[in-house]
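Engineer: Just passing along the structure, written as structure tokens.
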Amino acid sequence: RDHQQCAGRYPFPSRAEPSRARARNRIMFQRKKGDLLPMAGGSGRQNLAAAPIPKLPKAETATWMSWGWLIFSVGLLLLGIKLSATSTNWRELNCDAEACTLSISSTEKPSENMNLRFARHELIKVESVRVRNGKIRDTSNMRRKQTRKLGYSYAVTYKDPQTGETQEPVAMSVSSIGRKRPRIAVKEIQEYLDGETSSVKMRESSGFDWRGLLCIIFGIFSLLFCALLGQFNDPKPKPKKRSVTRKRSS
């Protein structure tokens, strides 16, 4: 009787209850599609995949055009500096124990380009000269004030290897290269003519590209106008004013 009373108060588990418990556990830890298992400090959903991708704010057309104008102005200025620093005329005299080679390369006047080789004895002389606009000037009848406007250079005189005629002196630069450089060049070439040395090499680069100056001028003006008229930030949107409707008094 006591056993029946205990069984009535606390019924013994049936055989079907363990299977029901296992089913509940399986449902508890079952993962749904698109979900993750529960982890510490987070929910079971994939928050990273669901997070919105940040997008850059859209700029106005005037802002993009202003930045493009700025880049163009700076590029034009840098191009002008590069062109101004680059020479437009290269002249070289390269002599060895047997012969000499005179080379001229010009971007302004391609008709002057030449590469002539002649014998050592056909190099006649070297001298210091005054030049202006790439031409040798005679200073014998000039005043002192006029000679100040002329540049300093040196020239070589040679014979044509085909005709044997003495050619006009060829200036080794089209613009002034200073006073010291012509003296050094004349001394070294004269030593070669006198047989004191067996080789000599002189190379001069001169000339000025006017396109570089124009690019610098236009680049500066373009940069100034870009700084004054350009829009580099989008204007802040003005807050909309709320219209307040007043009730009419009846």
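To be explicit about the labels: the chains of the structure tokens are called A, B, and onward in the order shown, and within each one the residues are counted from 1, while ligands get numbers from 1 in the order they are shown.
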What lies within 9 Å of Pro169 (chain A) using only C-alpha atoms, ignoring chain neighbours under 5 positions off, as a PyMOL selection string?
Structural biologist: chain A and resi 125-127+136+155-158
Engineer: Tell me, as a list in words, which residues lie within 12 Å of Gly68 (chain A), counting only C-alpha atoms; anything in the same chain fewer than 2 positions away does not count.
Structural biologist: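 Contacts, in chain order: Thr61, Ala62, Thr63, Trp64, Met65, Ser66, Leu70, Ile71, Phe72, Ser73, Val74, Gly75, Ser222, Leu223, Cys226, Gly230, Gln231 and Phe232 of chain A.
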Engineer: Using only C-alpha atoms, find the one residue out of A:Glu60, A:Glu108, A:Asp96, A:Glu168 that sits nearest to Ser206 (chain A).
Structural biologist: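 Ranking A:Glu60, A:Glu108, A:Asp96, A:Glu168 by distance to Ser206 (chain A), first place goes to A:Glu108.
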Engineer: Suppose you want the space between CA of Ala99 (chain A) and CA of Ile124 (chain A); what is it in Å?
Structural biologist: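 Going from CA of Ala99 (chain A) over to CA of Ile124 (chain A), I get 12.5 Å.
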Engineer: Would you mind listing what lies within 12 Å of Lys180 (chain A) as a CSV table (one decimal) with N, CA, C and O atoms, in the first residue's frame, with only C-alpha atoms counted and same-chain residues fewer than 6 positions away left out?
Structural biologist:
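Output file part-v7.csv is given in full below:
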```
chain,number,residue,atom,x,y,z
A,128,SER,N,88.0,81.6,-78.6
A,128,SER,CA,86.8,82.2,-77.8
A,128,SER,C,86.1,83.2,-78.7
A,128,SER,O,86.7,84.0,-79.3
A,152,TYR,N,79.1,84.4,-74.0
A,152,TYR,CA,80.4,83.8,-74.1
A,152,TYR,C,80.4,82.4,-74.6
A,152,TYR,O,79.6,81.6,-74.1
A,153,SER,N,81.2,82.0,-75.6
A,153,SER,CA,81.3,80.7,-76.0
A,153,SER,C,82.7,80.5,-76.7
A,153,SER,O,83.5,81.4,-76.6
A,154,TYR,N,82.8,79.3,-77.4
A,154,TYR,CA,84.1,79.1,-78.1
A,154,TYR,C,83.7,78.3,-79.4
A,154,TYR,O,82.6,77.7,-79.5
A,186,VAL,N,89.1,76.0,-74.7
A,186,VAL,CA,90.1,76.5,-75.6
A,186,VAL,C,91.5,75.9,-75.2
A,186,VAL,O,92.3,75.5,-76.1
A,187,LYS,N,91.8,75.9,-74.0
A,187,LYS,CA,93.1,75.4,-73.5
A,187,LYS,C,93.2,73.9,-73.8
A,187,LYS,O,94.3,73.5,-74.3
```
Engineer: So, with only C-alpha atoms as the atoms that count, which of A:Trp69, A:Tyr192, A:Phe221, A:Phe208 lies closest to Thr107 (chain A)?
Structural biologist: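 The closest residue to Thr107 (chain A) is A:Phe208.
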Engineer: What gap, in Å, lies between CA of Gln162 (chain A) and CA of Glu98 (chain A)?
Structural biologist: 16.9 Å
Engineer: When distances are computed from only C-alpha atoms, which of A:Ile177, A:Leu78, A:Val200, A:Ala185 shows the smallest separation from Cys100 (chain A)?
Structural biologist: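 Answer, going by the shortest atom-to-atom distance: A:Val200.
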Engineer: Applying 9 Å and only C-alpha atoms, which residues near Leu76 (chain A) remain after dropping the ones on its own chain fewer than 4 positions away? List them as a PyMOL selection string.
Structural biologist: chain A and resi 71-72+80-81+215-216+218-220+222
Engineer: Please, what distance in Å, to one decimal, runs between CA of Arg183 (chain A) and CA of Asn113 (chain A)?
Structural biologist: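 Taking CA of Arg183 (chain A) as the start and CA of Asn113 (chain A) as the end point, the length is 25.5 Å.
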